[in-house]
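work_34.cif (mmCIF, C-alpha atoms)
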data_work
loop_
_atom_site.group_PDB
_atom_site.id
_atom_site.type_symbol
_atom_site.label_atom_id
_atom_site.label_comp_id
_atom_site.auth_asym_id
_atom_site.auth_seq_id
_atom_site.Cartn_x
_atom_site.Cartn_y
_atom_site.Cartn_z
ATOM 1 C CA MET A 1 -22.095 19.787 29.458
ATOM 2 C CA LYS A 2 -23.106 21.366 26.108
ATOM 3 C CA MET A 3 -25.979 19.727 24.293
ATOM 4 C CA GLY A 4 -24.872 17.629 21.341
ATOM 5 C CA VAL A 5 -21.376 17.021 22.674
ATOM 6 C CA CYS A 6 -20.627 13.656 24.197
ATOM 7 C CA ASN A 7 -18.940 13.921 27.577
ATOM 8 C CA LEU A 8 -16.439 11.086 27.257
ATOM 9 C CA THR A 9 -15.339 11.362 30.897
ATOM 10 C CA ARG A 10 -18.734 10.118 32.101
ATOM 11 C CA CYS A 11 -19.211 7.506 29.370
ATOM 12 C CA THR A 12 -18.990 3.892 30.440
ATOM 13 C CA ASN A 13 -20.236 2.774 27.032
ATOM 14 C CA VAL A 14 -19.155 5.553 24.680
ATOM 15 C CA HIS A 15 -21.245 4.356 21.728
ATOM 16 C CA ILE A 16 -24.556 4.175 23.583
ATOM 17 C CA THR A 17 -24.045 7.405 25.556
ATOM 18 C CA CYS A 18 -23.029 9.432 22.477
ATOM 19 C CA GLU A 19 -25.974 8.024 20.546
ATOM 20 C CA GLU A 20 -28.321 9.000 23.368
ATOM 21 C CA ASP A 21 -26.841 12.520 23.456
ATOM 22 C CA MET A 22 -27.339 12.877 19.686
ATOM 23 C CA ARG A 23 -30.953 11.701 19.866
ATOM 24 C CA LYS A 24 -31.696 14.262 22.581
ATOM 25 C CA THR A 25 -30.145 17.061 20.498
ATOM 26 C CA TYR A 26 -31.125 16.220 16.912
ATOM 27 C CA ASP A 27 -34.420 15.167 15.326
ATOM 28 C CA PHE A 28 -33.758 12.256 12.981
ATOM 29 C CA SER A 29 -37.440 11.444 12.381
ATOM 30 C CA GLN A 30 -37.283 12.865 8.833
ATOM 31 C CA GLY A 31 -33.832 11.467 8.113
ATOM 32 C CA LYS A 32 -33.169 9.366 5.032
ATOM 33 C CA ARG A 33 -30.489 6.786 4.500
ATOM 34 C CA GLY A 34 -28.122 6.976 1.583
ATOM 35 C CA ALA A 35 -26.013 9.550 -0.190
ATOM 36 C CA VAL A 36 -26.497 13.164 0.797
ATOM 37 C CA ILE A 37 -25.876 14.436 -2.723
ATOM 38 C CA PRO A 38 -28.050 12.756 -5.374
ATOM 39 C CA LEU A 39 -26.289 11.178 -8.345
ATOM 40 C CA PRO A 40 -26.571 12.851 -11.733
ATOM 41 C CA PRO A 41 -28.724 11.002 -14.304
ATOM 42 C CA GLY A 42 -26.837 8.195 -16.004
ATOM 43 C CA LYS A 43 -24.447 7.640 -13.085
ATOM 44 C CA THR A 44 -24.384 4.698 -10.661
ATOM 45 C CA ARG A 45 -22.464 4.567 -7.405
ATOM 46 C CA ILE A 46 -20.417 1.365 -7.100
ATOM 47 C CA THR A 47 -17.650 -0.051 -4.976
ATOM 48 C CA ILE A 48 -14.612 -1.226 -6.912
ATOM 49 C CA ARG A 49 -11.265 -2.574 -5.783
ATOM 50 C CA LEU A 50 -8.262 -1.246 -7.692
ATOM 51 C CA ASP A 51 -4.570 -1.906 -7.223
ATOM 52 C CA ASN A 52 -2.874 0.859 -5.245
ATOM 53 C CA GLU A 53 -0.437 1.602 -8.051
ATOM 54 C CA VAL A 54 -3.311 2.079 -10.524
ATOM 55 C CA LEU A 55 -5.118 4.446 -8.184
ATOM 56 C CA ASP A 56 -1.885 6.316 -7.405
ATOM 57 C CA TRP A 57 -1.193 6.725 -11.140
ATOM 58 C CA PHE A 58 -4.606 8.291 -11.784
ATOM 59 C CA ARG A 59 -4.299 10.558 -8.748
ATOM 60 C CA ASP A 60 -0.840 11.657 -9.902
ATOM 61 C CA GLN A 61 -2.178 12.380 -13.404
ATOM 62 C CA VAL A 62 -4.941 14.572 -11.988
ATOM 63 C CA GLU A 63 -2.499 16.408 -9.745
ATOM 64 C CA ALA A 64 -0.086 16.968 -12.653
ATOM 65 C CA ARG A 65 -2.956 18.543 -14.627
ATOM 66 C CA GLY A 66 -3.655 20.953 -11.790
ATOM 67 C CA GLY A 67 -6.606 19.180 -10.212
ATOM 68 C CA GLY A 68 -9.834 17.497 -11.110
ATOM 69 C CA SER A 69 -11.360 14.141 -10.384
ATOM 70 C CA TYR A 70 -9.332 10.948 -10.540
ATOM 71 C CA GLN A 71 -12.632 9.042 -10.560
ATOM 72 C CA GLY A 72 -13.761 11.063 -13.560
ATOM 73 C CA MET A 73 -10.475 10.297 -15.296
ATOM 74 C CA ILE A 74 -10.890 6.558 -14.646
ATOM 75 C CA ASN A 75 -14.429 6.822 -16.054
ATOM 76 C CA ASP A 76 -13.131 8.650 -19.176
ATOM 77 C CA VAL A 77 -10.489 5.978 -19.787
ATOM 78 C CA LEU A 78 -13.061 3.191 -19.447
ATOM 79 C CA LYS A 79 -15.519 4.998 -21.748
ATOM 80 C CA GLU A 80 -12.810 5.397 -24.395
ATOM 81 C CA HIS A 81 -11.972 1.705 -24.132
ATOM 82 C CA VAL A 82 -15.646 0.812 -24.596
ATOM 83 C CA ARG A 83 -15.966 3.307 -27.471
ATOM 84 C CA ARG A 84 -13.127 1.533 -29.252
ATOM 85 C CA GLY A 85 -15.043 -1.723 -28.874
ATOM 86 C CA GLY A 86 -12.773 -3.107 -26.181
ATOM 87 C CA GLU A 87 -9.890 -3.192 -28.650
ATOM 88 C CA ALA A 88 -6.745 -4.623 -27.078
ATOM 89 C CA LEU A 89 -4.059 -2.058 -26.276
ATOM 90 C CA GLU A 90 -1.483 -3.704 -28.551
ATOM 91 C CA LYS A 91 -3.910 -3.728 -31.482
ATOM 92 C CA TYR A 92 -4.869 -0.109 -30.755
ATOM 93 C CA LEU A 93 -1.239 1.020 -30.690
ATOM 94 C CA ARG A 94 -0.455 -0.818 -33.924
ATOM 95 C CA ARG A 95 -3.446 0.845 -35.615
ATOM 96 C CA ILE A 96 -2.358 4.300 -34.427
ATOM 97 C CA ILE A 97 1.222 3.708 -35.595
ATOM 98 C CA ARG A 98 -0.039 2.603 -39.021
ATOM 99 C CA GLU A 99 -2.209 5.728 -39.249
ATOM 100 C CA GLU A 100 0.677 7.979 -38.204
ATOM 101 C CA LEU A 101 2.988 6.377 -40.730
ATOM 102 C CA GLY A 102 0.383 6.971 -43.428
ATOM 103 C CA HIS A 103 0.092 3.272 -44.262
ATOM 104 C CA LYS A 104 3.641 3.331 -45.600
ATOM 105 C CA ASP A 105 5.029 -0.052 -46.427
ATOM 106 C CA ILE A 106 7.540 -0.459 -43.635
ATOM 107 C CA ALA A 107 7.864 -4.163 -44.290
ATOM 108 C CA SER A 108 10.823 -3.482 -46.546
ATOM 109 C CA ASN A 109 14.128 -5.286 -46.509
ATOM 110 C CA ASP A 110 15.130 -3.327 -43.430
ATOM 111 C CA PRO A 111 15.768 -5.939 -40.702
ATOM 112 C CA SER A 112 14.780 -3.454 -37.998
ATOM 113 C CA HIS A 113 11.186 -3.695 -39.317
ATOM 114 C CA PRO A 114 10.190 -7.362 -39.441
ATOM 115 C CA PRO A 115 7.415 -8.033 -41.963
ATOM 116 C CA ASN A 116 3.804 -8.012 -40.713
ATOM 117 C CA ARG A 117 4.711 -6.645 -37.275
ATOM 118 C CA LEU A 118 2.820 -3.382 -37.720
#
structure tokens encoding of this file:
Amino acid sequence: MKMGVCNLTRCTNVHITCEEDMRKTYDFSQGKRGAVIPLPPGKTRITIRLDNEVLDWFRDQVEARGGGSYQGMINDVLKEHVRRGGEALEKYLRRIIREELGHKDIASNDPSHPPNRL
């Protein structure tokens, strides 16, 4: 048997035997718990539950852009939302449409543009 490799054929309790083999091979006395790579300043590691379709959408967006970090993209979207003061999406879209239309008075007699909708 090679050192550091658990011999599963002789294991009656795989977990205990493999753990014993590891302790014989590796020195964990200086080991530290936690993430191997330290977080950059201003970042906090959290656990969050997202709907699968939301996560899939972000992953697809990253893939379509040729790679990157879907987690970074989620962070960017949340930061932008906070930057806008938590403005509701509908209100945000109406504001953008008004800006794009140059504050034109679209509340004319045209029935396709009901008054006070934008």
Quick check, in Å to one decimal: how far apart do atom CA of Lys43 of chain A and atom CA of Ile74 of chain A lie?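 Atom-to-atom, atom CA of Lys43 of chain A to atom CA of Ile74 of chain A, that is 13.7 Å.
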If you count all atoms listed in the file, the residue of A:Glu63, A:Glu80, A:Lys91, A:Gln71 closest to Ile46 of chain A turns out to be A:Gln71
Exercise on segment 39-47 of chain A, axis-aligned box with 5 Å per side, report centre and edge lengths in Å to one decimal, as lines of an AutoDock Vina configuration file:
center_x = -23.2
center_y = 6.4
center_z = -10.5
size_x = 21.1
size_y = 22.9
size_z = 21.0
Between atom CA of Thr44 of chain A and atom CA of Asn75 of chain A, what is the distance in Å, rounded to a tenth? 11.5 Å
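Comparing the minimum interatomic distances between Trp57 of chain A and each of A:Arg45, A:Asp27, A:Tyr70, A:Gly85, counting all atoms listed in the file, we find that A:Tyr70 sits nearest.
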Rank A:Arg94, A:Arg59, A:Arg33, A:Arg23 by their smallest atom-to-atom distance to Met73 of chain A, using all atoms listed in the file, and report the top residue only.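 Looking at the shortest contact to Met73 of chain A, the residue is A:Arg59.
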Separation of atom CA of Gly72 of chain A and atom CA of Phe58 of chain A, in Å? 9.7 Å
Could segment 60-89 of chain A be completed with N, CA and C atoms and returned as a short mmCIF file (atom, residue, chain, number, x, y, z; two decimals), keeping the file's coordinate frame?
data_model
loop_
_atom_site.label_atom_id
_atom_site.label_comp_id
_atom_site.auth_asym_id
_atom_site.auth_seq_id
_atom_site.Cartn_x
_atom_site.Cartn_y
_atom_site.Cartn_z
N ASP A 60 -1.99 10.87 -9.47
CA ASP A 60 -0.84 11.66 -9.90
C ASP A 60 -1.13 12.40 -11.21
N GLN A 61 -1.84 11.75 -12.13
CA GLN A 61 -2.18 12.38 -13.40
C GLN A 61 -3.07 13.60 -13.17
N VAL A 62 -4.04 13.46 -12.29
CA VAL A 62 -4.94 14.57 -11.99
C VAL A 62 -4.17 15.72 -11.34
N GLU A 63 -3.30 15.37 -10.41
CA GLU A 63 -2.50 16.41 -9.74
C GLU A 63 -1.59 17.12 -10.73
N ALA A 64 -0.98 16.37 -11.66
CA ALA A 64 -0.09 16.97 -12.65
C ALA A 64 -0.84 17.92 -13.59
N ARG A 65 -2.13 17.68 -13.77
CA ARG A 65 -2.96 18.54 -14.63
C ARG A 65 -3.55 19.71 -13.85
N GLY A 66 -3.19 19.82 -12.58
CA GLY A 66 -3.66 20.95 -11.79
C GLY A 66 -4.96 20.73 -11.06
N GLY A 67 -5.39 19.48 -10.96
CA GLY A 67 -6.61 19.18 -10.21
C GLY A 67 -7.67 18.55 -11.07
N GLY A 68 -8.73 18.17 -10.43
CA GLY A 68 -9.83 17.50 -11.11
C GLY A 68 -10.25 16.27 -10.32
N SER A 69 -10.83 15.34 -11.02
CA SER A 69 -11.36 14.14 -10.38
C SER A 69 -10.67 12.91 -10.94
N TYR A 70 -9.97 12.19 -10.08
CA TYR A 70 -9.33 10.95 -10.54
C TYR A 70 -10.41 9.93 -10.91
N GLN A 71 -11.55 9.97 -10.23
CA GLN A 71 -12.63 9.04 -10.56
C GLN A 71 -13.20 9.37 -11.94
N GLY A 72 -13.31 10.65 -12.24
CA GLY A 72 -13.76 11.06 -13.56
C GLY A 72 -12.79 10.63 -14.64
N MET A 73 -11.49 10.71 -14.33
CA MET A 73 -10.48 10.30 -15.30
C MET A 73 -10.55 8.78 -15.54
N ILE A 74 -10.74 8.01 -14.49
CA ILE A 74 -10.89 6.56 -14.65
C ILE A 74 -12.12 6.28 -15.52
N ASN A 75 -13.21 6.99 -15.26
CA ASN A 75 -14.43 6.82 -16.05
C ASN A 75 -14.17 7.15 -17.52
N ASP A 76 -13.44 8.25 -17.79
CA ASP A 76 -13.13 8.65 -19.18
C ASP A 76 -12.30 7.58 -19.89
N VAL A 77 -11.33 7.02 -19.19
CA VAL A 77 -10.49 5.98 -19.79
C VAL A 77 -11.33 4.74 -20.11
N LEU A 78 -12.20 4.35 -19.19
CA LEU A 78 -13.06 3.19 -19.45
C LEU A 78 -14.04 3.46 -20.59
N LYS A 79 -14.60 4.66 -20.65
CA LYS A 79 -15.52 5.00 -21.75
C LYS A 79 -14.81 4.94 -23.10
N GLU A 80 -13.58 5.44 -23.14
CA GLU A 80 -12.81 5.40 -24.40
C GLU A 80 -12.53 3.96 -24.81
N HIS A 81 -12.22 3.12 -23.85
CA HIS A 81 -11.97 1.70 -24.13
C HIS A 81 -13.23 1.06 -24.71
N VAL A 82 -14.37 1.35 -24.11
CA VAL A 82 -15.65 0.81 -24.60
C VAL A 82 -15.96 1.37 -25.98
N ARG A 83 -15.71 2.68 -26.17
CA ARG A 83 -15.97 3.31 -27.47
C ARG A 83 -15.18 2.63 -28.59
N ARG A 84 -13.97 2.21 -28.26
CA ARG A 84 -13.13 1.53 -29.25
C ARG A 84 -13.53 0.07 -29.42
N GLY A 85 -14.58 -0.34 -28.74
CA GLY A 85 -15.04 -1.72 -28.87
C GLY A 85 -14.24 -2.70 -28.04
N GLY A 86 -13.57 -2.22 -27.02
CA GLY A 86 -12.77 -3.11 -26.18
C GLY A 86 -11.50 -3.57 -26.86
N GLU A 87 -11.09 -2.85 -27.88
CA GLU A 87 -9.89 -3.19 -28.65
C GLU A 87 -8.69 -3.33 -27.72
N ALA A 88 -7.94 -4.38 -27.90
CA ALA A 88 -6.74 -4.62 -27.08
C ALA A 88 -5.74 -3.49 -27.28
N LEU A 89 -5.01 -3.17 -26.23
CA LEU A 89 -4.06 -2.06 -26.28
C LEU A 89 -3.03 -2.26 -27.39
#
